[in-house]
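Shown below: protein11.txt, with compact mmCIF, C-alpha atoms (C1' of nucleotides).
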```txt
# COMPACT_ATOMS: atom_id res chain seq x y z
CA MET A 1 0.44 15.80 -2.08
CA ILE A 2 3.34 13.73 -0.89
CA GLU A 3 4.74 10.36 -1.76
CA LYS A 4 3.17 8.67 1.21
CA VAL A 5 -0.09 8.89 -0.62
CA TYR A 6 1.14 6.53 -3.28
CA VAL A 7 -0.12 3.53 -1.43
CA THR A 8 -3.16 5.21 0.05
CA ASN A 9 -6.54 5.79 -1.38
CA ARG A 10 -6.31 5.75 -5.13
CA CYS A 11 -3.30 3.51 -5.09
CA PRO A 12 -3.17 1.77 -8.47
CA ILE A 13 -2.03 -1.45 -6.90
CA ARG A 14 -5.01 -1.60 -4.61
CA THR A 15 -7.33 -0.63 -7.41
CA THR A 16 -6.05 -3.40 -9.63
CA LEU A 17 -6.19 -5.91 -6.81
CA GLU A 18 -9.80 -5.04 -6.18
CA LEU A 19 -10.67 -5.51 -9.82
CA THR A 20 -8.60 -8.54 -10.66
CA GLY A 21 -7.70 -10.04 -7.29
CA GLY A 22 -8.57 -13.49 -6.12
CA LYS A 23 -7.84 -16.90 -7.45
CA TRP A 24 -9.82 -16.92 -10.68
CA LYS A 25 -10.45 -13.54 -12.33
CA LEU A 26 -7.18 -13.30 -14.19
CA LEU A 27 -7.39 -16.89 -15.31
CA ILE A 28 -10.83 -16.27 -16.72
CA LEU A 29 -9.75 -13.10 -18.49
CA SER A 30 -6.73 -14.84 -19.97
CA GLN A 31 -8.97 -17.45 -21.54
CA LEU A 32 -10.99 -14.76 -23.25
CA PHE A 33 -8.02 -13.12 -24.94
CA GLN A 34 -8.04 -15.31 -27.97
CA LYS A 35 -11.77 -15.55 -28.54
CA SER A 36 -15.14 -15.24 -26.90
CA LEU A 37 -16.22 -18.33 -25.04
CA ARG A 38 -19.34 -19.92 -23.70
CA LEU A 39 -19.68 -20.85 -20.07
CA SER A 40 -19.12 -24.52 -20.75
CA GLU A 41 -16.02 -23.76 -22.78
CA LEU A 42 -14.62 -21.61 -20.02
CA LYS A 43 -15.26 -24.29 -17.49
CA ALA A 44 -13.53 -26.85 -19.64
CA SER A 45 -10.53 -24.62 -20.20
CA ILE A 46 -9.87 -23.78 -16.57
CA PRO A 47 -8.97 -26.84 -14.54
CA ASP A 48 -10.38 -27.16 -11.05
CA ILE A 49 -12.75 -24.23 -11.23
CA SER A 50 -16.22 -24.91 -9.94
CA GLU A 51 -19.22 -23.78 -11.87
CA LYS A 52 -20.30 -21.65 -8.97
CA MET A 53 -17.03 -19.76 -8.81
CA LEU A 54 -16.94 -19.34 -12.56
CA ILE A 55 -20.41 -17.84 -12.73
CA GLN A 56 -19.83 -15.75 -9.65
CA GLU A 57 -16.58 -14.30 -10.92
CA LEU A 58 -18.00 -13.70 -14.38
CA LYS A 59 -20.78 -11.75 -12.75
CA THR A 60 -18.40 -9.40 -10.96
CA LEU A 61 -16.32 -9.04 -14.11
CA VAL A 62 -19.42 -8.02 -16.02
CA GLU A 63 -20.41 -5.58 -13.29
CA SER A 64 -16.99 -3.98 -13.28
CA GLY A 65 -17.15 -3.59 -17.04
CA MET A 66 -14.36 -5.97 -17.97
CA VAL A 67 -16.44 -8.69 -19.57
CA LEU A 68 -19.42 -8.52 -21.89
CA ARG A 69 -22.18 -11.07 -21.53
CA THR A 70 -24.20 -11.79 -24.63
CA ASN A 71 -27.36 -13.84 -24.31
CA TYR A 72 -28.72 -14.99 -27.63
CA GLY A 73 -32.00 -15.98 -26.06
CA GLU A 74 -32.12 -19.28 -27.87
CA VAL A 75 -33.26 -22.68 -26.77
CA PRO A 76 -31.15 -24.38 -25.68
CA PRO A 77 -29.46 -21.34 -24.11
CA ARG A 78 -26.46 -19.81 -25.77
CA VAL A 79 -24.54 -17.26 -23.75
CA VAL A 80 -21.19 -15.93 -24.84
CA TYR A 81 -18.64 -14.08 -22.79
CA SER A 82 -16.15 -11.71 -24.34
CA LEU A 83 -13.72 -9.03 -23.30
CA THR A 84 -14.62 -5.39 -23.28
CA ARG A 85 -12.04 -2.78 -24.09
CA VAL A 86 -11.12 -2.43 -20.43
CA GLY A 87 -10.97 -6.16 -20.11
CA GLU A 88 -8.40 -6.23 -22.86
CA ALA A 89 -6.37 -3.75 -20.90
CA THR A 90 -5.42 -6.60 -18.59
CA LYS A 91 -3.39 -8.17 -21.36
CA PRO A 92 -0.11 -6.41 -20.51
CA LEU A 93 -0.72 -7.25 -16.88
CA ILE A 94 -0.98 -10.94 -17.59
CA ALA A 95 1.98 -10.73 -19.91
CA ALA A 96 3.98 -9.22 -17.07
CA MET A 97 2.91 -12.04 -14.80
CA LYS A 98 4.07 -14.54 -17.36
CA ASP A 99 7.43 -12.81 -17.65
CA PHE A 100 7.81 -12.74 -13.91
CA ALA A 101 6.96 -16.40 -13.48
CA GLU A 102 9.57 -17.30 -16.07
CA ALA A 103 12.19 -15.09 -14.46
CA TYR A 104 11.44 -16.63 -11.11
CA GLU A 105 11.74 -20.21 -12.29
CA GLN A 106 14.87 -19.34 -14.17
CA GLN A 107 16.35 -18.00 -10.98
CA LEU A 108 15.51 -21.22 -9.16
CA LYS A 109 17.58 -23.19 -11.62
CA GLU A 110 20.60 -20.97 -11.29
CA ARG A 111 20.90 -21.44 -7.56
CA MET B 1 -8.65 -26.55 -28.88
CA ILE B 2 -8.75 -23.85 -26.30
CA GLU B 3 -5.17 -23.94 -25.10
CA LYS B 4 -6.28 -26.09 -22.25
CA VAL B 5 -2.76 -26.60 -21.02
CA TYR B 6 -1.99 -22.94 -20.63
CA VAL B 7 -3.83 -22.65 -17.41
CA THR B 8 -2.90 -26.02 -15.99
CA ASN B 9 -0.06 -26.99 -13.77
CA ARG B 10 2.86 -24.68 -14.34
CA CYS B 11 0.58 -21.90 -15.41
CA PRO B 12 2.51 -18.65 -15.03
CA ILE B 13 -0.55 -16.87 -13.74
CA ARG B 14 -1.01 -19.33 -10.94
CA THR B 15 2.68 -19.28 -10.16
CA THR B 16 2.71 -15.50 -9.90
CA LEU B 17 -0.44 -15.49 -7.81
CA GLU B 18 1.13 -17.93 -5.38
CA LEU B 19 4.22 -15.77 -5.03
CA THR B 20 2.67 -12.33 -5.01
CA GLY B 21 -0.99 -12.95 -4.26
CA GLY B 22 -2.90 -11.59 -1.33
CA LYS B 23 -3.57 -8.13 -0.11
CA TRP B 24 -0.10 -6.97 0.91
CA LYS B 25 2.84 -8.57 -0.87
CA LEU B 26 2.87 -6.33 -3.90
CA LEU B 27 2.41 -3.24 -1.77
CA ILE B 28 5.39 -4.22 0.33
CA LEU B 29 7.53 -4.93 -2.70
CA SER B 30 6.59 -1.62 -4.27
CA GLN B 31 7.82 0.24 -1.21
CA LEU B 32 11.20 -1.43 -1.50
CA PHE B 33 11.76 -0.36 -5.09
CA GLN B 34 13.24 2.98 -4.24
CA LYS B 35 15.34 1.97 -1.27
CA SER B 36 15.79 -0.58 1.46
CA LEU B 37 13.60 0.00 4.47
CA ARG B 38 13.36 -0.99 8.09
CA LEU B 39 10.29 -2.62 9.49
CA SER B 40 9.08 0.55 11.15
CA GLU B 41 9.55 2.49 7.94
CA LEU B 42 7.60 -0.07 5.97
CA LYS B 43 4.81 0.02 8.48
CA ALA B 44 4.68 3.78 8.29
CA SER B 45 4.62 3.79 4.51
CA ILE B 46 1.80 1.31 4.07
CA PRO B 47 -1.45 2.58 5.50
CA ASP B 48 -3.68 0.16 7.38
CA ILE B 49 -1.27 -2.73 7.45
CA SER B 50 -0.95 -4.48 10.79
CA GLU B 51 2.42 -5.33 12.18
CA LYS B 52 1.52 -8.98 12.22
CA MET B 53 0.65 -9.05 8.55
CA LEU B 54 3.72 -7.04 7.65
CA ILE B 55 6.07 -9.40 9.44
CA GLN B 56 4.23 -12.46 8.22
CA GLU B 57 4.31 -11.37 4.60
CA LEU B 58 7.92 -10.29 4.81
CA LYS B 59 8.73 -13.75 6.08
CA THR B 60 7.16 -15.47 3.11
CA LEU B 61 8.81 -13.02 0.76
CA VAL B 62 12.17 -13.84 2.28
CA GLU B 63 11.48 -17.55 2.05
CA SER B 64 10.51 -17.31 -1.58
CA GLY B 65 13.70 -15.40 -2.30
CA MET B 66 12.15 -12.07 -3.22
CA VAL B 67 13.30 -10.06 -0.24
CA LEU B 68 16.58 -9.97 1.63
CA ARG B 69 16.54 -9.53 5.38
CA THR B 70 19.64 -8.01 6.93
CA ASN B 71 19.99 -8.06 10.68
CA TYR B 72 22.77 -5.84 11.89
CA GLY B 73 22.69 -7.43 15.32
CA GLU B 74 22.83 -4.13 17.09
CA VAL B 75 21.13 -2.92 20.21
CA PRO B 76 18.62 -1.52 19.74
CA PRO B 77 17.81 -3.85 16.85
CA ARG B 78 18.32 -2.67 13.31
CA VAL B 79 16.86 -4.88 10.59
CA VAL B 80 16.73 -3.79 6.99
CA TYR B 81 14.68 -5.27 4.18
CA SER B 82 15.71 -4.98 0.56
CA LEU B 83 14.82 -6.48 -2.77
CA THR B 84 16.69 -9.39 -4.24
CA ARG B 85 17.17 -9.68 -7.97
CA VAL B 86 14.02 -11.75 -8.30
CA GLY B 87 12.18 -9.30 -6.13
CA GLU B 88 13.10 -6.57 -8.56
CA ALA B 89 11.60 -8.66 -11.32
CA THR B 90 8.20 -7.67 -9.98
CA LYS B 91 8.77 -4.11 -11.09
CA PRO B 92 7.28 -4.53 -14.58
CA LEU B 93 4.39 -6.34 -13.00
CA ILE B 94 3.58 -3.46 -10.72
CA ALA B 95 4.09 -1.02 -13.56
CA ALA B 96 1.52 -2.98 -15.55
CA MET B 97 -0.89 -2.80 -12.65
CA LYS B 98 -0.43 0.93 -12.50
CA ASP B 99 -1.10 1.25 -16.22
CA PHE B 100 -4.18 -0.87 -15.93
CA ALA B 101 -5.58 1.07 -13.03
CA GLU B 102 -5.14 4.28 -14.98
CA ALA B 103 -6.75 2.83 -18.07
CA TYR B 104 -9.65 1.61 -16.01
CA GLU B 105 -10.30 4.91 -14.33
CA GLN B 106 -9.94 6.70 -17.61
CA GLN B 107 -12.61 4.47 -19.05
CA LEU B 108 -14.93 5.30 -16.19
CA LYS B 109 -14.75 8.98 -17.04
CA GLU B 110 -15.52 8.44 -20.70
CA ARG B 111 -18.80 6.70 -20.06
C1' DC C 1 12.85 -1.62 17.65
C1' DC C 2 11.61 -6.02 16.09
C1' DG C 3 9.18 -10.01 16.39
C1' DC C 4 6.23 -13.96 18.23
C1' DA C 5 1.99 -16.19 20.20
C1' DT C 6 -2.95 -16.29 20.72
C1' DC C 7 -7.36 -15.81 19.75
C1' DC C 8 -10.95 -14.59 16.65
C1' DT C 9 -13.83 -13.28 12.61
C1' DA C 10 -15.08 -12.68 7.88
C1' DC C 11 -15.28 -14.00 3.62
C1' DA C 12 -13.26 -16.53 -0.42
C1' DC C 13 -13.88 -20.74 -2.02
C1' DG C 14 -15.91 -25.41 -2.41
C1' DA C 15 -19.62 -29.49 -2.70
C1' DT C 16 -24.04 -30.66 -3.87
C1' DA C 17 -28.61 -30.47 -5.47
C1' DC C 18 -32.10 -28.37 -8.25
C1' DT C 19 -34.53 -25.31 -12.22
C1' DG C 20 -35.91 -23.10 -16.93
C1' DC D 1 -26.71 -25.20 -21.47
C1' DA D 2 -26.69 -21.86 -18.15
C1' DG D 3 -27.76 -20.77 -14.29
C1' DT D 4 -29.73 -20.56 -8.75
C1' DA D 5 -29.87 -22.00 -3.93
C1' DT D 6 -27.98 -23.86 0.21
C1' DC D 7 -24.80 -25.33 3.21
C1' DG D 8 -20.19 -26.04 4.80
C1' DT D 9 -15.08 -25.07 5.53
C1' DG D 10 -10.28 -23.37 5.29
C1' DT D 11 -7.62 -19.75 5.73
C1' DA D 12 -6.33 -14.95 4.97
C1' DG D 13 -6.37 -11.31 7.60
C1' DG D 14 -7.13 -8.55 12.12
C1' DA D 15 -6.76 -7.29 17.42
C1' DT D 16 -4.19 -7.63 21.35
C1' DG D 17 -0.59 -8.65 24.49
C1' DC D 18 4.14 -10.38 25.68
C1' DG D 19 9.31 -10.68 25.16
C1' DG D 20 14.43 -10.13 23.67
```
What does this structure look like when you write it as C-alpha cells?
Amino acid sequence: MIEKVYVTNRCPIRTTLELTGGKWKLLILSQLFQKSLRLSELKASIPDISEKMLIQELKTLVESGMVLRTNYGEVPPRVVYSLTRVGEATKPLIAAMKDFAEAYEQQLKER
Amino acid sequence: MIEKVYVTNRCPIRTTLELTGGKWKLLILSQLFQKSLRLSELKASIPDISEKMLIQELKTLVESGMVLRTNYGEVPPRVVYSLTRVGEATKPLIAAMKDFAEAYEQQLKER
DNA sequence: CCGCATCCTACACGATACTG
DNA sequence: CAGTATCGTGTAGGATGCGG
C-alpha cells in the first residue's frame, strides 16, 4: 500500500501518542528509569502533579503494559511501581526529547 | 534523592511537550520531512485533520520557529510550508516514536 | 487556494474530601 | 500509605460558514 497510509491507521506516531500522550505519562515513566518507586515517592518527584492524576495515569500505564504494580500487601500499605520491558522502551524516546529540547534552546540563543 | 530537579522548571520533557504536544503537531512535521508542502497537500496527506486545526497548528509551529511559511503572493494564492533547522531537529524524536511503536506492537504479539 | 471567525462539545486535568 | 469518589473548569479539538 502507498505512502499516504503512513499517517493513517497503524501510524506509529499516533500509536505512540495514544500510549504516552498527555501531560504526565512520560514524566512518570522518566522517574521510573533509575529505580522503582512508591506512589508517595513519585508524587514527591514530580512537581505539580495531583495525586488523582498520578494514580489515574499509573493505572492506564499498568493497563497498557508499560508499568508493573507490585502490592506487598503489608500494613501500612506498600505498593511499588516499576517499568516493564516495554516501559523501558520509552527510554530512547525520552532521550530524543531531551536532545530536541536542548537543540531548541540552543537555537534560541543563537538568534 | 530522586533527581527532583530533573522534572522541574526547565525540564526537557515539558519543554518538548509544550512545543510538539497535542494531537497534530508531530504528524504535520513528519509530513514536511520529505519535502515542502502546500496547505492543501498537507490536508490531503493527514487523514481526519480539519482545516482549522491544520492552520492553527501551523501557526503555532511558525511562531515557535519550527516551520517556515512562504507566501508567493500569487493569484491564486500559493503558500508553501517547510521545515526550519529546528523543525528538522524533531526527526530523531519521530524516529524514536516509530521505534517505540514497533517495539510495543512486537511485544503484544509475543504475549 | 488559503485563511479567519464563530459556536460548540468532550474530555483532560484539577480541587477537595473521605476510606481501609 | 495508597487509594476512591465527587464535583468543577479550562481548553484542545471539531463543525460550519464567510471572505480575499
Select all residues from chain D having any atom no more than 9 Å from an atom of chain A (counting all atoms listed in the file, ignoring ligands), output as a ChimeraX atom specification.
-> /D:1-3
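What separates CA of Leu54 (chain A) from CA of Arg14 (chain B) is a distance of 16.0 Å.
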Could the residues of chain A within 9 Å of chain B, counting all atoms listed in the file, be given as number ranges by chain, please?
-> A: 4-8, 11-17, 19, 21-23, 26-27, 30-31, 34, 41-42, 44-47, 85-87, 89-90, 92-104, 107
Interface list for chain C, partner chain A, 12 Å threshold, all atoms listed in the file, as a compact mmCIF listing (two decimals) with C-alpha atoms (C1' of nucleotides), in the coordinates of the input:
```txt
# COMPACT_ATOMS: atom_id res chain seq x y z
C1' DC C 11 -15.28 -14.00 3.62
C1' DA C 12 -13.26 -16.53 -0.42
C1' DC C 13 -13.88 -20.74 -2.02
C1' DG C 14 -15.91 -25.41 -2.41
C1' DA C 15 -19.62 -29.49 -2.70
C1' DT C 16 -24.04 -30.66 -3.87
C1' DG C 20 -35.91 -23.10 -16.93
```
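Atom pair CA of Val62 (chain B) / CA of Glu110 (chain A): separated by 17.5 Å.
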Record the distance separating CA of Gln56 (chain A) and C1' of DG13 (chain D), expressed in Å with one decimal.
-> 22.3 Å
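Within 7 Å of the point (16.2, -7.1, 5.8), and counting only C-alpha atoms (C1' of nucleotides), the protein, DNA and RNA residues are Leu68, Arg69, Thr70, Asn71, Val79, Val80, Tyr81 and Ser82 of chain B.
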Just the selected residues (C-alpha atoms), exported as a PDB file, in the frame of the given file, please.
```pdb
ATOM      1  CA  LEU B  68      16.580  -9.970   1.630  1.00  0.00           C
ATOM      2  CA  ARG B  69      16.540  -9.530   5.380  1.00  0.00           C
ATOM      3  CA  THR B  70      19.640  -8.010   6.930  1.00  0.00           C
ATOM      4  CA  ASN B  71      19.990  -8.060  10.680  1.00  0.00           C
ATOM      5  CA  VAL B  79      16.860  -4.880  10.590  1.00  0.00           C
ATOM      6  CA  VAL B  80      16.730  -3.790   6.990  1.00  0.00           C
ATOM      7  CA  TYR B  81      14.680  -5.270   4.180  1.00  0.00           C
ATOM      8  CA  SER B  82      15.710  -4.980   0.560  1.00  0.00           C
TER       9      SER B  82
END
```
For DT9 (chain C), find every residue with an atom within 12 Å (counting all atoms listed in the file), except residues of its own chain fewer than 3 positions away, and show them as a PDB file with C-alpha atoms (C1' of nucleotides), in the coordinates of the input.
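Final output, out05.pdb:
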```
ATOM      1  C1'  DT D  11      -7.620 -19.750   5.730  1.00  0.00           C
ATOM      2  C1'  DA D  12      -6.330 -14.950   4.970  1.00  0.00           C
ATOM      3  C1'  DG D  13      -6.370 -11.310   7.600  1.00  0.00           C
ATOM      4  C1'  DG D  14      -7.130  -8.550  12.120  1.00  0.00           C
ATOM      5  C1'  DA D  15      -6.760  -7.290  17.420  1.00  0.00           C
TER       6       DA D  15
END
```
